[in-house]
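All remarks here apply to the structure that follows.
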Amino acid sequence: MKGAFIVAILPATQERLQLKHLSHPHRSASTADRQDVIQGLSQDRKTLPPKYFYDEYGSQLFEQICQLPEYYPTRTEDSILKQYADKIARMTGACELVELGSGSSTKTRRLLDAYQGLTNCLHYIPIDVSGSILTQSAQQLLQEYSSLQIQGLVGTYEQALVELERTPAPSRMVCFLGSTLGNLNPQECDRFFDHILEALHMGEYFLLGVDLQKPKDILEAAYNDAQGVTAAFNLNMLEHLNERFRGNFKRQNFEHWAFYNQELNQIEMHLRCLNPHTVDLQALDLQVGFVSGETIRTEISRKFNLQEVQAELAEKGLKPVAAWSDSNDWFGLILSQKV
């Protein structure tokens, strides 16, 4: 693979597991990383990409968020997969599964169980920016599925999609589960679908999970949980930036702020400054001043209309084959095919 190298092959599963970094884990921050932080923090309305949530601790916190009573997306999507995974497998036939943002691969087990009935050799390519959680989940999956072959890719979606080689399986399905599509603005979403198209051959599949529009009180509760786990997840981004760019952010200077922007149909997560101060990021040669009340927007989470997303996919050349939602119409799952 272009630019990739093996960082871990575990002796006990040497024939069934490879983990590859798409950039060196100990190398200094890439040019792209440097630029997105410099640009985001130099704007009048400061922003940071949500990928900086996911250091090892941030990934652990997100797994906790997925179990919270207020956070409906994970359990709702899982219920859809539980009901329809067998049908998805029958519709696509035997497939290599490529998962973007695999995390702990919890919901992926629904699909692996379904495809296990179609083939005696399962192929799975999990992709995640957190090498630690990818390693942990891969080891666990190999214990659970004796016919599973895993080739994990540690990197961003953009890095990983261009590295995919032709699959040894009869077909391929790229899975983008969860509500992560909502983190992309419309222009980024359009480019993302282009990347998906380029990664698929004609007739291959794309399985997409989307969070649907619903009442404001349900949405805001999901991002302001009573236990404060989401707040800790948001604030942990500052620690990740400190470690990665030799910064001196102090958590006590910020608070978590999340709200639903009704006009744009999106949740917005911010870190709001509590007092005036200056932050140095030495590795970026960057000094950033903050005033009280100023925010850094760390995430958007757009909420979609299921029919509109299907129309957008069709325009891109990803023909919707089927779509499902839960009984409340809170979450949607779309299976499309490159045509």
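How things are named: the first chain in the structure tokens is A, the next is B, and so on; residues count from 1 in each chain; ligands count from 1 in the order shown.
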Please provide as a PDB file with all heavy atoms, in the first residue's frame all residues within 6 Å of stretch 90-97 of chain A, with the sequence filter that same-chain residues fewer than 5 positions apart are discarded (counting only C-alpha atoms).
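Saved file part36.pdb follows:
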ATOM      1  N   LEU A 118     -22.547 -16.485   4.846  1.00  0.00           N
ATOM      2  CA  LEU A 118     -22.405 -16.488   3.398  1.00  0.00           C
ATOM      3  C   LEU A 118     -21.027 -16.933   2.920  1.00  0.00           C
ATOM      4  O   LEU A 118     -20.851 -17.279   1.753  1.00  0.00           O
ATOM      5  CB  LEU A 118     -22.671 -15.083   2.836  1.00  0.00           C
ATOM      6  CG  LEU A 118     -24.048 -14.462   3.084  1.00  0.00           C
ATOM      7  CD1 LEU A 118     -24.099 -13.071   2.468  1.00  0.00           C
ATOM      8  CD2 LEU A 118     -25.144 -15.337   2.500  1.00  0.00           C
ATOM      9  N   HIS A 123     -13.577 -10.907   5.496  1.00  0.00           N
ATOM     10  CA  HIS A 123     -12.552  -9.875   5.340  1.00  0.00           C
ATOM     11  C   HIS A 123     -13.086  -8.564   5.919  1.00  0.00           C
ATOM     12  O   HIS A 123     -14.170  -8.103   5.546  1.00  0.00           O
ATOM     13  CB  HIS A 123     -12.205  -9.678   3.858  1.00  0.00           C
ATOM     14  CG  HIS A 123     -11.503 -10.841   3.245  1.00  0.00           C
ATOM     15  ND1 HIS A 123     -10.124 -10.926   3.176  1.00  0.00           N
ATOM     16  CD2 HIS A 123     -11.968 -11.976   2.692  1.00  0.00           C
ATOM     17  CE1 HIS A 123      -9.786 -12.066   2.600  1.00  0.00           C
ATOM     18  NE2 HIS A 123     -10.891 -12.723   2.290  1.00  0.00           N
ATOM     19  N   TYR A 124     -12.298  -7.945   6.805  1.00  0.00           N
ATOM     20  CA  TYR A 124     -12.731  -6.716   7.473  1.00  0.00           C
ATOM     21  C   TYR A 124     -11.579  -5.726   7.501  1.00  0.00           C
ATOM     22  O   TYR A 124     -10.463  -6.061   7.912  1.00  0.00           O
ATOM     23  CB  TYR A 124     -13.197  -7.047   8.893  1.00  0.00           C
ATOM     24  CG  TYR A 124     -13.629  -5.866   9.738  1.00  0.00           C
ATOM     25  CD1 TYR A 124     -14.484  -4.878   9.250  1.00  0.00           C
ATOM     26  CD2 TYR A 124     -13.186  -5.742  11.058  1.00  0.00           C
ATOM     27  CE1 TYR A 124     -14.889  -3.815  10.043  1.00  0.00           C
ATOM     28  CE2 TYR A 124     -13.586  -4.693  11.864  1.00  0.00           C
ATOM     29  CZ  TYR A 124     -14.441  -3.723  11.350  1.00  0.00           C
ATOM     30  OH  TYR A 124     -14.831  -2.667  12.133  1.00  0.00           O
ATOM     31  N   ALA A 169     -12.309 -10.562  -1.862  1.00  0.00           N
ATOM     32  CA  ALA A 169     -13.682 -11.046  -1.706  1.00  0.00           C
ATOM     33  C   ALA A 169     -14.474 -10.782  -2.992  1.00  0.00           C
ATOM     34  O   ALA A 169     -14.045 -10.002  -3.852  1.00  0.00           O
ATOM     35  CB  ALA A 169     -14.338 -10.331  -0.521  1.00  0.00           C
ATOM     36  N   SER A 171     -17.031  -9.014  -3.463  1.00  0.00           N
ATOM     37  CA  SER A 171     -17.429  -7.613  -3.571  1.00  0.00           C
ATOM     38  C   SER A 171     -16.944  -6.877  -2.332  1.00  0.00           C
ATOM     39  O   SER A 171     -16.264  -7.446  -1.477  1.00  0.00           O
ATOM     40  CB  SER A 171     -18.951  -7.495  -3.718  1.00  0.00           C
ATOM     41  OG  SER A 171     -19.323  -6.159  -4.007  1.00  0.00           O
ATOM     42  N   ARG A 172     -17.282  -5.604  -2.246  1.00  0.00           N
ATOM     43  CA  ARG A 172     -16.859  -4.777  -1.112  1.00  0.00           C
ATOM     44  C   ARG A 172     -18.032  -3.891  -0.691  1.00  0.00           C
ATOM     45  O   ARG A 172     -18.811  -3.413  -1.523  1.00  0.00           O
ATOM     46  CB  ARG A 172     -15.670  -3.912  -1.509  1.00  0.00           C
ATOM     47  CG  ARG A 172     -15.345  -2.778  -0.528  1.00  0.00           C
ATOM     48  CD  ARG A 172     -14.125  -1.998  -0.987  1.00  0.00           C
ATOM     49  NE  ARG A 172     -12.903  -2.753  -0.729  1.00  0.00           N
ATOM     50  CZ  ARG A 172     -11.752  -2.558  -1.370  1.00  0.00           C
ATOM     51  NH1 ARG A 172     -11.681  -1.652  -2.339  1.00  0.00           N
ATOM     52  NH2 ARG A 172     -10.690  -3.267  -1.063  1.00  0.00           N
ATOM     53  N   MET A 173     -18.130  -3.654   0.625  1.00  0.00           N
ATOM     54  CA  MET A 173     -19.094  -2.682   1.134  1.00  0.00           C
ATOM     55  C   MET A 173     -18.379  -1.753   2.107  1.00  0.00           C
ATOM     56  O   MET A 173     -17.808  -2.207   3.097  1.00  0.00           O
ATOM     57  CB  MET A 173     -20.272  -3.366   1.844  1.00  0.00           C
ATOM     58  CG  MET A 173     -21.317  -2.373   2.351  1.00  0.00           C
ATOM     59  SD  MET A 173     -22.872  -3.155   2.857  1.00  0.00           S
ATOM     60  CE  MET A 173     -22.345  -3.974   4.374  1.00  0.00           C
TER      61      MET A 173
END
Out of stretch 87-332 of chain A, which residues get strand (DSSP E) from DSSP, as a PDB file with N, CA and C atoms, in the first residue's frame?
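Written output follows (selection.pdb):
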ATOM      1  N   GLU A  96     -16.357  -7.961   1.362  1.00  0.00           N
ATOM      2  CA  GLU A  96     -15.366  -7.422   2.288  1.00  0.00           C
ATOM      3  C   GLU A  96     -15.986  -6.182   2.920  1.00  0.00           C
ATOM      4  N   LEU A  97     -15.887  -6.084   4.250  1.00  0.00           N
ATOM      5  CA  LEU A  97     -16.425  -4.930   4.956  1.00  0.00           C
ATOM      6  C   LEU A  97     -15.310  -3.941   5.252  1.00  0.00           C
ATOM      7  N   VAL A  98     -15.481  -2.700   4.815  1.00  0.00           N
ATOM      8  CA  VAL A  98     -14.567  -1.608   5.123  1.00  0.00           C
ATOM      9  C   VAL A  98     -15.338  -0.637   5.999  1.00  0.00           C
ATOM     10  N   GLU A  99     -14.857  -0.376   7.218  1.00  0.00           N
ATOM     11  CA  GLU A  99     -15.609   0.496   8.128  1.00  0.00           C
ATOM     12  C   GLU A  99     -14.824   1.749   8.458  1.00  0.00           C
ATOM     13  N   LEU A 100     -15.422   2.894   8.186  1.00  0.00           N
ATOM     14  CA  LEU A 100     -14.829   4.193   8.488  1.00  0.00           C
ATOM     15  C   LEU A 100     -15.187   4.593   9.906  1.00  0.00           C
ATOM     16  N   LEU A 122     -14.126 -14.299   6.292  1.00  0.00           N
ATOM     17  CA  LEU A 122     -14.576 -12.916   6.426  1.00  0.00           C
ATOM     18  C   LEU A 122     -13.397 -11.964   6.276  1.00  0.00           C
ATOM     19  N   HIS A 123     -13.577 -10.907   5.496  1.00  0.00           N
ATOM     20  CA  HIS A 123     -12.552  -9.875   5.340  1.00  0.00           C
ATOM     21  C   HIS A 123     -13.086  -8.564   5.919  1.00  0.00           C
ATOM     22  N   TYR A 124     -12.298  -7.945   6.805  1.00  0.00           N
ATOM     23  CA  TYR A 124     -12.731  -6.716   7.473  1.00  0.00           C
ATOM     24  C   TYR A 124     -11.579  -5.726   7.501  1.00  0.00           C
ATOM     25  N   ILE A 125     -11.840  -4.499   7.051  1.00  0.00           N
ATOM     26  CA  ILE A 125     -10.843  -3.416   7.080  1.00  0.00           C
ATOM     27  C   ILE A 125     -11.396  -2.287   7.954  1.00  0.00           C
ATOM     28  N   PRO A 126     -11.060  -2.276   9.253  1.00  0.00           N
ATOM     29  CA  PRO A 126     -11.462  -1.159  10.109  1.00  0.00           C
ATOM     30  C   PRO A 126     -10.506   0.018   9.918  1.00  0.00           C
ATOM     31  N   ILE A 127     -11.067   1.218   9.906  1.00  0.00           N
ATOM     32  CA  ILE A 127     -10.280   2.445   9.725  1.00  0.00           C
ATOM     33  C   ILE A 127     -10.597   3.380  10.877  1.00  0.00           C
ATOM     34  N   ASP A 128      -9.553   3.848  11.565  1.00  0.00           N
ATOM     35  CA  ASP A 128      -9.772   4.748  12.696  1.00  0.00           C
ATOM     36  C   ASP A 128      -8.510   5.573  12.924  1.00  0.00           C
ATOM     37  N   LEU A 148     -12.104 -14.825  10.505  1.00  0.00           N
ATOM     38  CA  LEU A 148     -11.967 -13.395  10.184  1.00  0.00           C
ATOM     39  C   LEU A 148     -10.525 -13.016   9.854  1.00  0.00           C
ATOM     40  N   GLN A 149     -10.363 -12.258   8.775  1.00  0.00           N
ATOM     41  CA  GLN A 149      -9.087 -11.648   8.407  1.00  0.00           C
ATOM     42  C   GLN A 149      -9.239 -10.133   8.558  1.00  0.00           C
ATOM     43  N   ILE A 150      -8.333  -9.498   9.291  1.00  0.00           N
ATOM     44  CA  ILE A 150      -8.425  -8.054   9.538  1.00  0.00           C
ATOM     45  C   ILE A 150      -7.186  -7.346   9.014  1.00  0.00           C
ATOM     46  N   GLN A 151      -7.404  -6.285   8.297  1.00  0.00           N
ATOM     47  CA  GLN A 151      -6.315  -5.389   7.900  1.00  0.00           C
ATOM     48  C   GLN A 151      -6.708  -3.982   8.344  1.00  0.00           C
ATOM     49  N   GLY A 152      -6.294  -3.603   9.553  1.00  0.00           N
ATOM     50  CA  GLY A 152      -6.668  -2.309  10.104  1.00  0.00           C
ATOM     51  C   GLY A 152      -5.801  -1.188   9.562  1.00  0.00           C
ATOM     52  N   LEU A 153      -6.416  -0.060   9.288  1.00  0.00           N
ATOM     53  CA  LEU A 153      -5.710   1.119   8.801  1.00  0.00           C
ATOM     54  C   LEU A 153      -5.882   2.255   9.808  1.00  0.00           C
ATOM     55  N   VAL A 154      -4.769   2.751  10.319  1.00  0.00           N
ATOM     56  CA  VAL A 154      -4.788   3.851  11.286  1.00  0.00           C
ATOM     57  C   VAL A 154      -4.547   5.150  10.524  1.00  0.00           C
ATOM     58  N   ARG A 172     -17.282  -5.604  -2.246  1.00  0.00           N
ATOM     59  CA  ARG A 172     -16.859  -4.777  -1.112  1.00  0.00           C
ATOM     60  C   ARG A 172     -18.032  -3.891  -0.691  1.00  0.00           C
ATOM     61  N   MET A 173     -18.130  -3.654   0.625  1.00  0.00           N
ATOM     62  CA  MET A 173     -19.094  -2.682   1.134  1.00  0.00           C
ATOM     63  C   MET A 173     -18.379  -1.753   2.107  1.00  0.00           C
ATOM     64  N   VAL A 174     -18.372  -0.473   1.786  1.00  0.00           N
ATOM     65  CA  VAL A 174     -17.838   0.535   2.698  1.00  0.00           C
ATOM     66  C   VAL A 174     -18.965   0.935   3.650  1.00  0.00           C
ATOM     67  N   CYS A 175     -18.697   0.861   4.946  1.00  0.00           N
ATOM     68  CA  CYS A 175     -19.698   1.169   5.976  1.00  0.00           C
ATOM     69  C   CYS A 175     -19.315   2.465   6.690  1.00  0.00           C
ATOM     70  N   PHE A 176     -20.263   3.358   6.786  1.00  0.00           N
ATOM     71  CA  PHE A 176     -20.065   4.601   7.534  1.00  0.00           C
ATOM     72  C   PHE A 176     -21.219   4.702   8.511  1.00  0.00           C
ATOM     73  N   TYR A 205     -20.811  -1.625  -2.805  1.00  0.00           N
ATOM     74  CA  TYR A 205     -21.856  -1.043  -1.963  1.00  0.00           C
ATOM     75  C   TYR A 205     -21.323  -0.027  -0.940  1.00  0.00           C
ATOM     76  N   PHE A 206     -22.231   0.840  -0.519  1.00  0.00           N
ATOM     77  CA  PHE A 206     -21.964   1.841   0.521  1.00  0.00           C
ATOM     78  C   PHE A 206     -23.126   1.798   1.503  1.00  0.00           C
ATOM     79  N   LEU A 207     -22.832   1.511   2.780  1.00  0.00           N
ATOM     80  CA  LEU A 207     -23.851   1.468   3.834  1.00  0.00           C
ATOM     81  C   LEU A 207     -23.657   2.672   4.740  1.00  0.00           C
ATOM     82  N   LEU A 208     -24.662   3.524   4.798  1.00  0.00           N
ATOM     83  CA  LEU A 208     -24.549   4.821   5.478  1.00  0.00           C
ATOM     84  C   LEU A 208     -25.596   4.962   6.569  1.00  0.00           C
ATOM     85  N   GLY A 209     -25.151   5.356   7.770  1.00  0.00           N
ATOM     86  CA  GLY A 209     -26.057   5.689   8.859  1.00  0.00           C
ATOM     87  C   GLY A 209     -26.206   7.191   8.982  1.00  0.00           C
ATOM     88  N   VAL A 210     -27.442   7.667   9.152  1.00  0.00           N
ATOM     89  CA  VAL A 210     -27.681   9.110   9.283  1.00  0.00           C
ATOM     90  C   VAL A 210     -28.646   9.380  10.433  1.00  0.00           C
ATOM     91  N   ASP A 211     -28.335  10.396  11.208  1.00  0.00           N
ATOM     92  CA  ASP A 211     -29.206  10.835  12.287  1.00  0.00           C
ATOM     93  C   ASP A 211     -30.276  11.753  11.686  1.00  0.00           C
ATOM     94  N   PHE A 254     -12.134  26.983  30.158  1.00  0.00           N
ATOM     95  CA  PHE A 254     -13.193  26.750  29.176  1.00  0.00           C
ATOM     96  C   PHE A 254     -14.316  25.920  29.778  1.00  0.00           C
ATOM     97  N   GLU A 255     -15.485  26.022  29.145  1.00  0.00           N
ATOM     98  CA  GLU A 255     -16.601  25.159  29.506  1.00  0.00           C
ATOM     99  C   GLU A 255     -17.248  24.599  28.242  1.00  0.00           C
ATOM    100  N   HIS A 256     -17.907  23.449  28.401  1.00  0.00           N
ATOM    101  CA  HIS A 256     -18.629  22.797  27.319  1.00  0.00           C
ATOM    102  C   HIS A 256     -19.933  23.539  27.045  1.00  0.00           C
ATOM    103  N   TRP A 257     -20.250  23.729  25.755  1.00  0.00           N
ATOM    104  CA  TRP A 257     -21.502  24.392  25.364  1.00  0.00           C
ATOM    105  C   TRP A 257     -22.012  23.713  24.095  1.00  0.00           C
ATOM    106  N   ALA A 258     -23.210  23.131  24.169  1.00  0.00           N
ATOM    107  CA  ALA A 258     -23.802  22.470  23.004  1.00  0.00           C
ATOM    108  C   ALA A 258     -25.261  22.889  22.878  1.00  0.00           C
ATOM    109  N   PHE A 259     -25.689  23.170  21.644  1.00  0.00           N
ATOM    110  CA  PHE A 259     -27.066  23.602  21.402  1.00  0.00           C
ATOM    111  C   PHE A 259     -27.490  23.202  19.994  1.00  0.00           C
ATOM    112  N   TYR A 260     -28.799  23.208  19.763  1.00  0.00           N
ATOM    113  CA  TYR A 260     -29.338  22.872  18.447  1.00  0.00           C
ATOM    114  C   TYR A 260     -29.620  24.136  17.660  1.00  0.00           C
ATOM    115  N   ASN A 261     -28.992  24.256  16.498  1.00  0.00           N
ATOM    116  CA  ASN A 261     -29.223  25.359  15.579  1.00  0.00           C
ATOM    117  C   ASN A 261     -30.379  24.953  14.658  1.00  0.00           C
ATOM    118  N   GLN A 266     -28.704  21.520  12.851  1.00  0.00           N
ATOM    119  CA  GLN A 266     -27.472  20.907  13.327  1.00  0.00           C
ATOM    120  C   GLN A 266     -27.212  21.233  14.797  1.00  0.00           C
ATOM    121  N   ILE A 267     -26.728  20.237  15.512  1.00  0.00           N
ATOM    122  CA  ILE A 267     -26.154  20.461  16.839  1.00  0.00           C
ATOM    123  C   ILE A 267     -24.804  21.138  16.647  1.00  0.00           C
ATOM    124  N   GLU A 268     -24.475  22.085  17.510  1.00  0.00           N
ATOM    125  CA  GLU A 268     -23.148  22.693  17.509  1.00  0.00           C
ATOM    126  C   GLU A 268     -22.524  22.498  18.885  1.00  0.00           C
ATOM    127  N   MET A 269     -21.304  21.992  18.901  1.00  0.00           N
ATOM    128  CA  MET A 269     -20.553  21.864  20.147  1.00  0.00           C
ATOM    129  C   MET A 269     -19.428  22.888  20.138  1.00  0.00           C
ATOM    130  N   HIS A 270     -19.303  23.594  21.253  1.00  0.00           N
ATOM    131  CA  HIS A 270     -18.288  24.640  21.390  1.00  0.00           C
ATOM    132  C   HIS A 270     -17.551  24.469  22.710  1.00  0.00           C
ATOM    133  N   LEU A 271     -16.351  25.014  22.764  1.00  0.00           N
ATOM    134  CA  LEU A 271     -15.639  25.262  24.015  1.00  0.00           C
ATOM    135  C   LEU A 271     -15.689  26.763  24.242  1.00  0.00           C
ATOM    136  N   ARG A 272     -16.329  27.178  25.337  1.00  0.00           N
ATOM    137  CA  ARG A 272     -16.535  28.601  25.582  1.00  0.00           C
ATOM    138  C   ARG A 272     -15.544  29.108  26.623  1.00  0.00           C
ATOM    139  N   CYS A 273     -14.861  30.194  26.273  1.00  0.00           N
ATOM    140  CA  CYS A 273     -13.839  30.773  27.138  1.00  0.00           C
ATOM    141  C   CYS A 273     -14.478  31.459  28.349  1.00  0.00           C
ATOM    142  N   HIS A 277      -7.331  35.182  28.244  1.00  0.00           N
ATOM    143  CA  HIS A 277      -6.013  34.587  28.408  1.00  0.00           C
ATOM    144  C   HIS A 277      -5.407  34.332  27.031  1.00  0.00           C
ATOM    145  N   THR A 278      -4.149  33.916  27.039  1.00  0.00           N
ATOM    146  CA  THR A 278      -3.430  33.608  25.798  1.00  0.00           C
ATOM    147  C   THR A 278      -2.890  32.197  25.870  1.00  0.00           C
ATOM    148  N   VAL A 279      -2.949  31.497  24.745  1.00  0.00           N
ATOM    149  CA  VAL A 279      -2.460  30.122  24.643  1.00  0.00           C
ATOM    150  C   VAL A 279      -1.304  30.068  23.648  1.00  0.00           C
ATOM    151  N   ASP A 280      -0.252  29.328  24.006  1.00  0.00           N
ATOM    152  CA  ASP A 280       0.874  29.095  23.101  1.00  0.00           C
ATOM    153  C   ASP A 280       0.864  27.644  22.636  1.00  0.00           C
ATOM    154  N   LEU A 281       0.986  27.456  21.338  1.00  0.00           N
ATOM    155  CA  LEU A 281       1.177  26.129  20.747  1.00  0.00           C
ATOM    156  C   LEU A 281       2.563  26.143  20.105  1.00  0.00           C
ATOM    157  N   LEU A 286       2.563  29.276  17.263  1.00  0.00           N
ATOM    158  CA  LEU A 286       1.266  29.972  17.228  1.00  0.00           C
ATOM    159  C   LEU A 286       0.882  30.436  18.619  1.00  0.00           C
ATOM    160  N   GLN A 287       0.491  31.684  18.708  1.00  0.00           N
ATOM    161  CA  GLN A 287      -0.038  32.251  19.943  1.00  0.00           C
ATOM    162  C   GLN A 287      -1.460  32.719  19.670  1.00  0.00           C
ATOM    163  N   VAL A 288      -2.391  32.307  20.550  1.00  0.00           N
ATOM    164  CA  VAL A 288      -3.809  32.590  20.323  1.00  0.00           C
ATOM    165  C   VAL A 288      -4.385  33.295  21.545  1.00  0.00           C
ATOM    166  N   GLY A 289      -4.981  34.440  21.324  1.00  0.00           N
ATOM    167  CA  GLY A 289      -5.628  35.176  22.399  1.00  0.00           C
ATOM    168  C   GLY A 289      -7.113  34.871  22.465  1.00  0.00           C
ATOM    169  N   PHE A 290      -7.647  34.805  23.706  1.00  0.00           N
ATOM    170  CA  PHE A 290      -9.072  34.540  23.919  1.00  0.00           C
ATOM    171  C   PHE A 290      -9.660  35.619  24.818  1.00  0.00           C
ATOM    172  N   THR A 295     -15.778  31.498  21.711  1.00  0.00           N
ATOM    173  CA  THR A 295     -15.862  30.045  21.627  1.00  0.00           C
ATOM    174  C   THR A 295     -14.961  29.481  20.528  1.00  0.00           C
ATOM    175  N   ILE A 296     -14.643  28.202  20.681  1.00  0.00           N
ATOM    176  CA  ILE A 296     -14.062  27.388  19.621  1.00  0.00           C
ATOM    177  C   ILE A 296     -15.132  26.363  19.257  1.00  0.00           C
ATOM    178  N   ARG A 297     -15.603  26.391  18.032  1.00  0.00           N
ATOM    179  CA  ARG A 297     -16.568  25.363  17.624  1.00  0.00           C
ATOM    180  C   ARG A 297     -15.795  24.085  17.301  1.00  0.00           C
ATOM    181  N   THR A 298     -16.098  23.029  18.033  1.00  0.00           N
ATOM    182  CA  THR A 298     -15.367  21.772  17.903  1.00  0.00           C
ATOM    183  C   THR A 298     -16.112  20.735  17.070  1.00  0.00           C
ATOM    184  N   GLU A 299     -17.407  20.926  16.883  1.00  0.00           N
ATOM    185  CA  GLU A 299     -18.161  19.935  16.111  1.00  0.00           C
ATOM    186  C   GLU A 299     -19.496  20.503  15.669  1.00  0.00           C
ATOM    187  N   ILE A 300     -19.910  20.122  14.467  1.00  0.00           N
ATOM    188  CA  ILE A 300     -21.317  20.225  14.095  1.00  0.00           C
ATOM    189  C   ILE A 300     -21.828  18.796  13.932  1.00  0.00           C
ATOM    190  N   SER A 301     -23.107  18.601  14.164  1.00  0.00           N
ATOM    191  CA  SER A 301     -23.731  17.302  13.937  1.00  0.00           C
ATOM    192  C   SER A 301     -25.060  17.557  13.240  1.00  0.00           C
ATOM    193  N   ARG A 302     -25.007  17.529  11.910  1.00  0.00           N
ATOM    194  CA  ARG A 302     -26.196  17.814  11.112  1.00  0.00           C
ATOM    195  C   ARG A 302     -27.213  16.681  11.235  1.00  0.00           C
ATOM    196  N   LEU A 318     -24.425   6.867  -6.590  1.00  0.00           N
ATOM    197  CA  LEU A 318     -24.582   5.833  -5.577  1.00  0.00           C
ATOM    198  C   LEU A 318     -26.077   5.553  -5.450  1.00  0.00           C
ATOM    199  N   LYS A 319     -26.558   4.622  -6.215  1.00  0.00           N
ATOM    200  CA  LYS A 319     -27.995   4.364  -6.311  1.00  0.00           C
ATOM    201  C   LYS A 319     -28.512   3.690  -5.037  1.00  0.00           C
ATOM    202  N   PRO A 320     -29.479   4.304  -4.336  1.00  0.00           N
ATOM    203  CA  PRO A 320     -30.042   3.662  -3.153  1.00  0.00           C
ATOM    204  C   PRO A 320     -30.740   2.357  -3.511  1.00  0.00           C
ATOM    205  N   VAL A 321     -30.384   1.309  -2.798  1.00  0.00           N
ATOM    206  CA  VAL A 321     -30.977  -0.006  -2.999  1.00  0.00           C
ATOM    207  C   VAL A 321     -32.095  -0.238  -1.993  1.00  0.00           C
ATOM    208  N   ALA A 322     -31.871   0.247  -0.761  1.00  0.00           N
ATOM    209  CA  ALA A 322     -32.875   0.107   0.298  1.00  0.00           C
ATOM    210  C   ALA A 322     -32.553   1.108   1.401  1.00  0.00           C
ATOM    211  N   ALA A 323     -33.566   1.446   2.182  1.00  0.00           N
ATOM    212  CA  ALA A 323     -33.388   2.336   3.336  1.00  0.00           C
ATOM    213  C   ALA A 323     -34.301   1.877   4.454  1.00  0.00           C
ATOM    214  N   TRP A 324     -33.800   1.989   5.680  1.00  0.00           N
ATOM    215  CA  TRP A 324     -34.560   1.557   6.834  1.00  0.00           C
ATOM    216  C   TRP A 324     -34.459   2.613   7.931  1.00  0.00           C
ATOM    217  N   SER A 325     -35.468   2.649   8.800  1.00  0.00           N
ATOM    218  CA  SER A 325     -35.399   3.502   9.988  1.00  0.00           C
ATOM    219  C   SER A 325     -36.088   2.786  11.140  1.00  0.00           C
ATOM    220  N   PHE A 331     -33.517   7.575  13.340  1.00  0.00           N
ATOM    221  CA  PHE A 331     -32.241   7.251  12.705  1.00  0.00           C
ATOM    222  C   PHE A 331     -32.520   6.480  11.424  1.00  0.00           C
ATOM    223  N   GLY A 332     -31.644   6.658  10.420  1.00  0.00           N
ATOM    224  CA  GLY A 332     -31.827   5.994   9.138  1.00  0.00           C
ATOM    225  C   GLY A 332     -30.582   5.253   8.712  1.00  0.00           C
TER     226      GLY A 332
END
Original post:
Which neighbours of A:Leu284 fall inside 10 Å, counting only C-alpha atoms, when residues of the same chain fewer than 2 positions from it are skipped, and could you give them as a ChimeraX atom specification?
Top reply: /A:29,33-35,37-38,244-247,280-282,286-287
**OP:** List every residue of stretch 62-178 of chain A that DSSP, applied to the backbone, labels as alpha helix (DSSP H), and write the result as a ChimeraX atom specification.
**Re:** /A:62-65,72-92,108-116,131-144,157-163
Could you save the residues just selected, with C-alpha atoms, as a short mmCIF file (atom, residue, chain, number, x, y, z; two decimals), in the first residue's frame?
data_model
loop_
_atom_site.label_atom_id
_atom_site.label_comp_id
_atom_site.auth_asym_id
_atom_site.auth_seq_id
_atom_site.Cartn_x
_atom_site.Cartn_y
_atom_site.Cartn_z
CA PHE A 62 -16.77 8.42 23.16
CA GLU A 63 -17.39 4.73 23.86
CA GLN A 64 -18.90 5.82 27.20
CA ILE A 65 -21.06 8.43 25.45
CA TYR A 72 -29.99 7.56 21.37
CA PRO A 73 -28.02 7.22 18.06
CA THR A 74 -25.93 4.17 18.96
CA ARG A 75 -28.68 1.96 20.37
CA THR A 76 -31.19 3.10 17.72
CA GLU A 77 -28.88 2.30 14.81
CA ASP A 78 -27.96 -0.98 16.49
CA SER A 79 -31.63 -1.94 16.66
CA ILE A 80 -31.96 -1.29 12.90
CA LEU A 81 -28.88 -3.41 12.17
CA LYS A 82 -30.15 -6.18 14.43
CA GLN A 83 -33.37 -6.29 12.41
CA TYR A 84 -31.93 -5.92 8.91
CA ALA A 85 -28.30 -7.17 8.89
CA ASP A 86 -29.29 -10.56 7.44
CA LYS A 87 -31.29 -8.84 4.71
CA ILE A 88 -28.35 -6.54 3.88
CA ALA A 89 -26.05 -9.55 3.57
CA ARG A 90 -28.49 -11.35 1.28
CA MET A 91 -28.86 -8.25 -0.90
CA THR A 92 -25.13 -7.70 -1.38
CA THR A 108 -20.14 -4.20 13.13
CA ARG A 109 -20.70 -7.54 14.84
CA ARG A 110 -24.27 -7.49 13.54
CA LEU A 111 -22.91 -7.44 9.99
CA LEU A 112 -20.11 -9.93 10.65
CA ASP A 113 -22.66 -12.36 12.08
CA ALA A 114 -24.81 -11.97 8.98
CA TYR A 115 -21.96 -12.34 6.47
CA GLN A 116 -20.52 -15.30 8.36
CA GLY A 131 -4.48 3.13 16.78
CA SER A 132 -5.02 1.97 20.36
CA ILE A 133 -8.76 1.40 20.13
CA LEU A 134 -8.39 -0.15 16.67
CA THR A 135 -5.83 -2.62 18.04
CA GLN A 136 -7.99 -3.52 21.04
CA SER A 137 -11.12 -4.08 19.00
CA ALA A 138 -9.27 -6.08 16.32
CA GLN A 139 -7.82 -8.46 18.91
CA GLN A 140 -11.24 -8.98 20.43
CA LEU A 141 -12.89 -9.63 17.06
CA LEU A 142 -10.29 -12.24 16.12
CA GLN A 143 -11.11 -14.15 19.28
CA GLU A 144 -14.82 -14.06 18.42
CA TYR A 157 -10.88 8.52 6.00
CA GLU A 158 -9.25 10.43 3.17
CA GLN A 159 -5.89 8.74 3.75
CA ALA A 160 -7.38 5.27 4.03
CA LEU A 161 -9.84 5.32 1.14
CA VAL A 162 -7.13 6.05 -1.41
CA GLU A 163 -5.01 3.20 0.00
#
**OP:** Could you check which of A:Ser102, A:Gln310, A:Asn253, A:Asn183 is closest to A:Val291, using only C-alpha atoms?
**Re:**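 Checking each of A:Ser102, A:Gln310, A:Asn253, A:Asn183 against A:Val291, counting only C-alpha atoms, the winner is A:Asn253.
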